[in-house]
Amino acid sequence: MNCTRYERWMWDALEGRLGESQAQALQAHLRQCPRCQRQWESAQATYHALHALPRLRAPEQLMHQVRARIQHAPARPPLFGGWKRVALAPALGLLIVLGYWAFTVRTPDATQTIVQEPSESWVEMHEQLEVADWSPTPTANYFITTGYSR
Amino acid sequence: MRTLLLLLLGVLWGAVGMAQERPIQWLQRAQQAEETLHYAGVRTMELRVGRRTQRIEERFWRQGARAERIEILAPADRQGEVLILHEGRWLAYRPQSKEAFELPRLPLQGAQLLKTAIDLVQAGIVQADAPVEATLLGRPCVLVRLSLAPIEFGRTPSEKRAPFPAAVSLWIDKQTGLILRSEVAMRPNEPALRMEITRLELNPRLTPDLFALPSGVTVRPPSGEYRSLEEAQRAVGFPIRTPRYLPTGASLERILVRRGSPDQSPVVMLHYRAPNARFTLFQAYKMRHALFQHPRRPKPLSTRFWQDGDYSFGIVGNLSPDEIERIAKSLD
């Protein structure tokens with residue numbers, strides 16, 4: 001019996017990401033495997049406990065304090081000085097060439113490069129559309145369409 | 001003395017009976033109030049998404065589900081704008097510009113939303129806690145909390161992930177059934193929408209001109225939201241791409257075009273709804289790269305962002321990463 005696979009599916013089931021056939025297979029497995037049944041109950045409890053935790057915000061002053069400390073930190077001596085600086089230029093050039101070569105060889109379709117950093121504003125926009133559906137007045141939807149400020 | 005005692009017992013019995021009404025009966029009352037009552041007042045609304053909170057304040061006049069007028073009080077730069085529900089359609093106008101536009105088909109609201117909640121409670125998909133006594137605006141009300149029932153196997157996938165928020169709290173006025181305050185959390189312990197009536201006037205004098213456009217106002221097609229892809233395409237200077245693959249039952253629900261400023265390229269948003277999920281496909285041409293700079297905060301949404309030449313794309317939704325990948329690869 002491959003319990004590992006079902007353990008992995010449990011979290012997908014909790015997140016609502018399990019397909020119908022997989023959910024049925026998991027359900028059938030849970031009925032006949034007491035160990036996985038306990039694991040499922042434990043996963044459910046953990047999932048609900050995690051989602052019940054409050055979201056904490058950093059204090060307003062934190063950012064200012066961090067910035068102030070960075071500004072007042074003693075400056076480090078330069079890493080590359082003297083002859084090392086002269087040697088740095090060809091080394092950097094070689095690195096750039098190697099990097100470019102590796103990039104073009106590893107990504108045959110350069111137009112389909114995935115952007116690593118997702119867009120916060122697009123995620124927020126999607127969430128606004130989700131939330132506005134539950135608004136008791138049409139104003140939220142009207143503002144989403146036209147923008148909150150003119 | 002005996003009569004007085006009986007009277008007191010009767011009042012007490014009535015009060016206990018009111019509080020013990022089942023949640024579904026309060027929801028039904030609220031639905032009836034939404035459909036029939038004439039009232040006016042001021043209400044505030046807060047939308048909390050990510051780090052931002054948008055606050056809206058509005059004056060409103062309502063004639064059951066038949067007619068409604070809303071005047072924006074805040075934010076300051078939208079003050080004075082008016083929304084009117086008249087003959088089944090919502091019109092928005094700015095008195096200064098003497099032009100109005102018809103809002104596109106809006107999602108469920110008011111009484112329809114309550115009906116959806118009642119149906120889901122009756123189907124056992126949403127559970128309602130026992131009502132709790134509360135007071136708002138000096139009026140006695142009951143707090144009814146609704147949340148998704150725990151996941152159970154044996155249901156169909158659409159039932160397991162009903163299109164309902166994680167939690168909804170409604171403060172329902174005992175006397176009238178009106179919802180005086182509501183809170184919606186899309187994820188557990190994350191209130192995302194809060195509405196509260198801060199001033200209430202029952203049975204106000206409502207004149208017909210409140211719900212009519214003033215003379216001389218021209219109704220134009222909406223800007224920002226479109227009824228069809230063809231209409232949106234005419235407003236955008238680059239070809240809008242649509243996916244050839246969609247999850248089962250998914251349909252295009254809203255088409256929006258957002259412009260940050262006149263010199264910025266527009267962002268097209270195609271918002272889809274499936275029985276178990278909602279997702280938005282974003283696309284832009286020669287977009288400023290700043291949009292991709294923010295780190296993502298963890299949340300139960302799947303995302304994929306990519307560039308194809310000068311075009312930027314993004315898909316955000318509560319779909320599996322595999323489904324998102326499949327949609328992305330099927331873009332025409």
# chains A, B, ... in the order shown; residues from 1 in each chain; ligands from 1
call {"tool": "residues_around", "arguments": {"residues": "B:Val236", "least_positions_apart": "2", "cutoff": "9 Å", "atoms": "only C-alpha atoms", "output": "list in words"}}
result
Ala232, Gln233, Arg234, Phe238, Pro239, Ile240, Val257, Ser265, Pro266, Val267 and Val268 of chain B
call {"tool": "write_last_selection", "arguments": {"atoms": "N, CA, C and O atoms", "output": "JSON list (two decimals), in the first residue's frame"}}
result
[["chain", "number", "residue", "atom", "x", "y", "z"],
["B", 232, "ALA", "N", -13.90, 45.54, -26.05],
["B", 232, "ALA", "CA", -12.64, 45.81, -25.34],
["B", 232, "ALA", "C", -11.50, 45.95, -26.33],
["B", 232, "ALA", "O", -10.62, 46.81, -26.17],
["B", 233, "GLN", "N", -11.52, 45.12, -27.37],
["B", 233, "GLN", "CA", -10.44, 45.15, -28.36],
["B", 233, "GLN", "C", -10.33, 46.52, -29.02],
["B", 233, "GLN", "O", -9.23, 47.01, -29.29],
["B", 234, "ARG", "N", -11.50, 47.15, -29.24],
["B", 234, "ARG", "CA", -11.49, 48.48, -29.87],
["B", 234, "ARG", "C", -10.85, 49.53, -28.98],
["B", 234, "ARG", "O", -10.36, 50.54, -29.44],
["B", 238, "PHE", "N", -3.50, 46.71, -28.64],
["B", 238, "PHE", "CA", -2.77, 45.48, -28.94],
["B", 238, "PHE", "C", -3.75, 44.31, -28.96],
["B", 238, "PHE", "O", -4.82, 44.39, -28.36],
["B", 239, "PRO", "N", -3.40, 43.24, -29.65],
["B", 239, "PRO", "CA", -4.37, 42.13, -29.75],
["B", 239, "PRO", "C", -4.59, 41.43, -28.40],
["B", 239, "PRO", "O", -3.63, 41.06, -27.73],
["B", 240, "ILE", "N", -5.85, 41.30, -28.01],
["B", 240, "ILE", "CA", -6.17, 40.60, -26.75],
["B", 240, "ILE", "C", -6.15, 39.11, -27.03],
["B", 240, "ILE", "O", -6.79, 38.64, -27.97],
["B", 257, "VAL", "N", -10.60, 46.84, -18.55],
["B", 257, "VAL", "CA", -9.37, 47.46, -19.06],
["B", 257, "VAL", "C", -9.01, 48.56, -18.08],
["B", 257, "VAL", "O", -9.80, 49.48, -17.86],
["B", 265, "SER", "N", 0.34, 52.16, -20.78],
["B", 265, "SER", "CA", -0.35, 51.16, -21.58],
["B", 265, "SER", "C", -1.44, 50.50, -20.73],
["B", 265, "SER", "O", -1.25, 50.27, -19.54],
["B", 266, "PRO", "N", -2.60, 50.20, -21.32],
["B", 266, "PRO", "CA", -3.67, 49.59, -20.52],
["B", 266, "PRO", "C", -3.37, 48.14, -20.15],
["B", 266, "PRO", "O", -2.60, 47.46, -20.83],
["B", 267, "VAL", "N", -3.98, 47.70, -19.07],
["B", 267, "VAL", "CA", -3.90, 46.30, -18.66],
["B", 267, "VAL", "C", -5.28, 45.69, -18.89],
["B", 267, "VAL", "O", -6.28, 46.24, -18.43],
["B", 268, "VAL", "N", -5.32, 44.59, -19.62],
["B", 268, "VAL", "CA", -6.59, 43.92, -19.88],
["B", 268, "VAL", "C", -6.77, 42.81, -18.86],
["B", 268, "VAL", "O", -5.84, 42.05, -18.59]]
call {"tool": "closest_atom_pairs", "arguments": {"of": "stretch 191-297 of chain B", "to": "stretch 38-52 of chain B", "cutoff": "9 Å", "atoms": "only C-alpha atoms", "output": "CSV"}}
result
residue,atom,partner,partner_atom,distance
B:Pro191,CA,B:Arg48,CA,7.2
B:Ala192,CA,B:Arg48,CA,4.7
B:Leu193,CA,B:Leu47,CA,4.7
B:Arg194,CA,B:Glu46,CA,5.1
B:Met195,CA,B:Met45,CA,4.4
B:Glu196,CA,B:Arg43,CA,5.4
B:Ile197,CA,B:Arg43,CA,4.1
B:Thr198,CA,B:Arg43,CA,5.3
B:Arg199,CA,B:Gly41,CA,4.8
B:Leu200,CA,B:Gly41,CA,4.4
B:Glu201,CA,B:Ala40,CA,5.1
B:Leu202,CA,B:Tyr39,CA,4.6
B:Asn203,CA,B:His38,CA,5.1
B:Pro204,CA,B:Tyr39,CA,5.9
B:Arg205,CA,B:His38,CA,9.0
B:Leu206,CA,B:His38,CA,8.3
B:Arg297,CA,B:Gly50,CA,8.4
call {"tool": "closest_residue", "arguments": {"among": "B:Ile118, B:Leu331, B:Ala33, B:Ile72", "to": "chain A", "atoms": "only C-alpha atoms"}}
result
B:Ile72
call {"tool": "residues_around", "arguments": {"residues": "stretch 132-141 of chain A", "least_positions_apart": "3", "cutoff": "9 Å", "atoms": "only C-alpha atoms", "output": "PyMOL selection string"}}
result
(chain A and resi 127-129+144-146) or (chain B and resi 45+47+56+58+70+72+83+90+106-110+113+164-165+182+184+193-195)
call {"tool": "residues_around", "arguments": {"residues": "B:Asp310", "least_positions_apart": "3", "cutoff": "9 Å", "atoms": "only C-alpha atoms", "output": "JSON, numbers by chain"}}
result
{"B": [284, 285, 286, 287, 307]}
